[in-house]
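Right, one structure below, let's go through it.
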Amino acid sequence: MTPPSPLSFSRLADYHRLDMDTPRTVSDCHATDRPVAALATWHPHGEHIAPHRHSRAQLVHALSGVMTVQSATGSWVVPAGRAVWMPEDIEHRIHIAGDIAMRTLYVAPQARPNLPARCEVIEVSPLLREAIIAATGIGLHYPTAGRDHRVMELILDEIERAPRLGLHVPLPRNAQLLRLCQRMIAEPAEPVTLESLAAQMHVSGRTVARLFHREVGMSFGDWRRRMCLLLSLPRLAAGASILEVALEHGYLSPSAFSAMFRRALGVSPTDYLVSRE
């Protein structure tokens with residue numbers, strides 16, 4: 001069956017029904033002797049994928065929604081338009097914000113010598129995105145010559161050359177602060193201050209400020225601006241107006257959003273999009 005758009009999910013039962021109809025499993029992807037296997041899954045808003053690890057490296061890409069991926073080596077916010085590379089045998093967990101159509105590649109350790117050796121967020125080009133989607137329709141035991149093999153080799157080529165995104169949003173290890181940060185990521189337009197965070201945590205604003213510096217290495221204001229900046233990039237790339245993006249991320253005017261954007265990246269949102277094209 002053809003699954004509905006992930007944005008149409010309104011009941012958890014829909015997710016479970018689709019999950020049962022999935023023609024392949026994670027275990028199947030690990031069992032193949034081919035260097036690359038692809039899996040399509042659907043995940044509802046608010047789902048937590050428990051800590052786990054894989055014997056193959058993963059490239060996890062969301063066609064919509066936002067994932068936060070955590071491991072012992074760091075935490076990454078991964079909006080649509082980007083993907084997280086997770087080397088083999090690294091324990092990690094994933095939190096879902098917004099209904100997500102997830103496309104995951106499972107890559108054998110010996111597939112290429114120059115694949116990333118650590119967890120990284122990479123930019124997914126239109127070519128790589130379409131190749132990943134195509135790969136989910138390729139059999140797990142595809143011939144070692146021909147079109148399917150070339151698609152998988154193209155994917156490895158694109159992963160090797162994809163821009164690595166050093167701009168990531170660190171997440172705290174403190175469980176209470178982490179939950180509040182994840183809520184801000186899921187609802188970036190909601191007005192949040194140090195004082196409102198302090199009230200929810202039943203501590204002082206000064207304590208929350210110190211906690212942010214200790215847990216993520218930056219102030220609350222800097223963290224929130226970086227979070228809004230990262231979440232805004234795929235929206236701008238998708239054609240949303242600067243006004244729409246500004247309001248979606250809690251800014252009262254396009255000029256205030258553009259000023260933040262220019263301070264962070266050195267160019268206006270419009271010039272950034274032109275340079276990407």
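Note on naming: chains are A, B, ... as they come in the structure tokens, residues start from 1 per chain, ligands start from 1 in the order shown.
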For this session: List every residue of range 92-185 of chain A that DSSP, applied to the backbone of this structure, assigns to strand (DSSP E or B), and report them as JSON, numbers by chain.
Result: {"A": [92, 93, 94, 95, 96, 97, 100, 101, 102, 103, 104, 105, 106, 107, 120, 121, 122, 123, 164]}
Exercise. Hey, what's within 12 Å of Leu194 in chain A if we count only C-alpha atoms and toss same-chain stuff fewer than 6 positions away? As JSON, numbers by chain, please?
Worked result: {"A": [177, 180, 181, 200, 201, 202, 203, 204, 205, 206, 207, 208, 209, 210, 211, 212, 219, 220, 221, 223, 224]}
Restricting the output to N, CA, C and O atoms, write the selected residues as a PDB file, in the first residue's frame.
```pdb
ATOM      1  N   LEU A 177      15.997  20.335  32.067  1.00  0.00           N
ATOM      2  CA  LEU A 177      16.301  21.382  31.093  1.00  0.00           C
ATOM      3  C   LEU A 177      16.182  20.841  29.672  1.00  0.00           C
ATOM      4  O   LEU A 177      15.740  21.552  28.764  1.00  0.00           O
ATOM      5  N   LEU A 180      12.610  20.991  28.480  1.00  0.00           N
ATOM      6  CA  LEU A 180      12.204  22.350  28.145  1.00  0.00           C
ATOM      7  C   LEU A 180      12.813  22.791  26.814  1.00  0.00           C
ATOM      8  O   LEU A 180      12.149  23.457  26.012  1.00  0.00           O
ATOM      9  N   CYS A 181      14.054  22.399  26.562  1.00  0.00           N
ATOM     10  CA  CYS A 181      14.688  22.743  25.289  1.00  0.00           C
ATOM     11  C   CYS A 181      13.982  22.042  24.129  1.00  0.00           C
ATOM     12  O   CYS A 181      13.775  22.632  23.060  1.00  0.00           O
ATOM     13  N   GLN A 200       9.262  27.252  35.751  1.00  0.00           N
ATOM     14  CA  GLN A 200       8.917  25.847  35.475  1.00  0.00           C
ATOM     15  C   GLN A 200       9.858  24.884  36.190  1.00  0.00           C
ATOM     16  O   GLN A 200       9.472  23.764  36.517  1.00  0.00           O
ATOM     17  N   MET A 201      11.103  25.323  36.428  1.00  0.00           N
ATOM     18  CA  MET A 201      12.076  24.464  37.091  1.00  0.00           C
ATOM     19  C   MET A 201      12.129  24.698  38.598  1.00  0.00           C
ATOM     20  O   MET A 201      12.874  24.019  39.307  1.00  0.00           O
ATOM     21  N   HIS A 202      11.373  25.726  39.075  1.00  0.00           N
ATOM     22  CA  HIS A 202      11.314  26.064  40.501  1.00  0.00           C
ATOM     23  C   HIS A 202      12.696  26.451  41.042  1.00  0.00           C
ATOM     24  O   HIS A 202      13.088  26.059  42.145  1.00  0.00           O
ATOM     25  N   VAL A 203      13.411  27.232  40.237  1.00  0.00           N
ATOM     26  CA  VAL A 203      14.705  27.769  40.652  1.00  0.00           C
ATOM     27  C   VAL A 203      14.749  29.240  40.226  1.00  0.00           C
ATOM     28  O   VAL A 203      13.800  29.760  39.649  1.00  0.00           O
ATOM     29  N   SER A 204      15.868  29.902  40.491  1.00  0.00           N
ATOM     30  CA  SER A 204      15.998  31.301  40.121  1.00  0.00           C
ATOM     31  C   SER A 204      16.480  31.435  38.677  1.00  0.00           C
ATOM     32  O   SER A 204      17.064  30.504  38.110  1.00  0.00           O
ATOM     33  N   GLY A 205      16.242  32.604  38.081  1.00  0.00           N
ATOM     34  CA  GLY A 205      16.733  32.871  36.739  1.00  0.00           C
ATOM     35  C   GLY A 205      18.246  32.788  36.667  1.00  0.00           C
ATOM     36  O   GLY A 205      18.805  32.321  35.672  1.00  0.00           O
ATOM     37  N   ARG A 206      18.919  33.222  37.729  1.00  0.00           N
ATOM     38  CA  ARG A 206      20.380  33.159  37.746  1.00  0.00           C
ATOM     39  C   ARG A 206      20.851  31.702  37.717  1.00  0.00           C
ATOM     40  O   ARG A 206      21.834  31.368  37.047  1.00  0.00           O
ATOM     41  N   THR A 207      20.126  30.817  38.409  1.00  0.00           N
ATOM     42  CA  THR A 207      20.487  29.394  38.398  1.00  0.00           C
ATOM     43  C   THR A 207      20.328  28.812  37.001  1.00  0.00           C
ATOM     44  O   THR A 207      21.180  28.044  36.528  1.00  0.00           O
ATOM     45  N   VAL A 208      19.245  29.164  36.300  1.00  0.00           N
ATOM     46  CA  VAL A 208      19.040  28.668  34.937  1.00  0.00           C
ATOM     47  C   VAL A 208      20.131  29.196  34.014  1.00  0.00           C
ATOM     48  O   VAL A 208      20.645  28.456  33.157  1.00  0.00           O
ATOM     49  N   ALA A 209      20.513  30.457  34.174  1.00  0.00           N
ATOM     50  CA  ALA A 209      21.571  31.034  33.337  1.00  0.00           C
ATOM     51  C   ALA A 209      22.879  30.267  33.529  1.00  0.00           C
ATOM     52  O   ALA A 209      23.571  29.944  32.548  1.00  0.00           O
ATOM     53  N   ARG A 210      23.226  29.966  34.783  1.00  0.00           N
ATOM     54  CA  ARG A 210      24.446  29.205  35.043  1.00  0.00           C
ATOM     55  C   ARG A 210      24.339  27.801  34.461  1.00  0.00           C
ATOM     56  O   ARG A 210      25.317  27.256  33.936  1.00  0.00           O
ATOM     57  N   LEU A 211      23.142  27.208  34.570  1.00  0.00           N
ATOM     58  CA  LEU A 211      22.936  25.856  34.063  1.00  0.00           C
ATOM     59  C   LEU A 211      23.127  25.812  32.550  1.00  0.00           C
ATOM     60  O   LEU A 211      23.739  24.877  32.019  1.00  0.00           O
ATOM     61  N   PHE A 212      22.612  26.812  31.832  1.00  0.00           N
ATOM     62  CA  PHE A 212      22.797  26.854  30.387  1.00  0.00           C
ATOM     63  C   PHE A 212      24.278  26.920  30.039  1.00  0.00           C
ATOM     64  O   PHE A 212      24.760  26.195  29.161  1.00  0.00           O
ATOM     65  N   SER A 219      25.062  31.129  26.487  1.00  0.00           N
ATOM     66  CA  SER A 219      23.948  31.700  27.231  1.00  0.00           C
ATOM     67  C   SER A 219      22.617  31.218  26.655  1.00  0.00           C
ATOM     68  O   SER A 219      22.542  30.729  25.515  1.00  0.00           O
ATOM     69  N   PHE A 220      21.559  31.394  27.432  1.00  0.00           N
ATOM     70  CA  PHE A 220      20.233  31.020  26.954  1.00  0.00           C
ATOM     71  C   PHE A 220      19.868  31.796  25.692  1.00  0.00           C
ATOM     72  O   PHE A 220      19.340  31.231  24.725  1.00  0.00           O
ATOM     73  N   GLY A 221      20.157  33.100  25.677  1.00  0.00           N
ATOM     74  CA  GLY A 221      19.838  33.919  24.509  1.00  0.00           C
ATOM     75  C   GLY A 221      20.569  33.449  23.266  1.00  0.00           C
ATOM     76  O   GLY A 221      19.980  33.357  22.182  1.00  0.00           O
ATOM     77  N   TRP A 223      21.753  30.432  22.751  1.00  0.00           N
ATOM     78  CA  TRP A 223      21.231  29.110  22.373  1.00  0.00           C
ATOM     79  C   TRP A 223      19.927  29.248  21.616  1.00  0.00           C
ATOM     80  O   TRP A 223      19.737  28.604  20.587  1.00  0.00           O
ATOM     81  N   ARG A 224      19.029  30.096  22.091  1.00  0.00           N
ATOM     82  CA  ARG A 224      17.720  30.256  21.441  1.00  0.00           C
ATOM     83  C   ARG A 224      17.870  30.849  20.038  1.00  0.00           C
ATOM     84  O   ARG A 224      17.193  30.419  19.100  1.00  0.00           O
TER      85      ARG A 224
END
```
For this session: Identify which of the residues A:Ser75, A:Thr136, A:Thr270, A:Asn114 lies closest to Val216 in chain A, counting only C-alpha atoms when measuring atom-to-atom distances.
Result: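 Distance minimum relative to Val216 in chain A lands on A:Ser75.
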Problem set entry | Among the residues A:Leu156, A:Val169, A:Leu252, A:Ile132, the one that comes closest to Pro113 in chain A [using only C-alpha atoms] |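 Looking only at the distances to Pro113 in chain A, the closest residue turns out to be A:Leu156.
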Exercise. Please, what distance in Å, to one decimal, runs between CA of Met102 in chain A and CA of Leu171 in chain A?
Worked result: 21.6 Å
Problem set entry | Residue contacts of Gln58 in chain A (12 Å, only C-alpha atoms) excluding same-chain residues fewer than 4 positions away, as a PyMOL selection string | chain A and resi 26+29-30+35-39+53-54+83-92+103-109+115-121+156+159
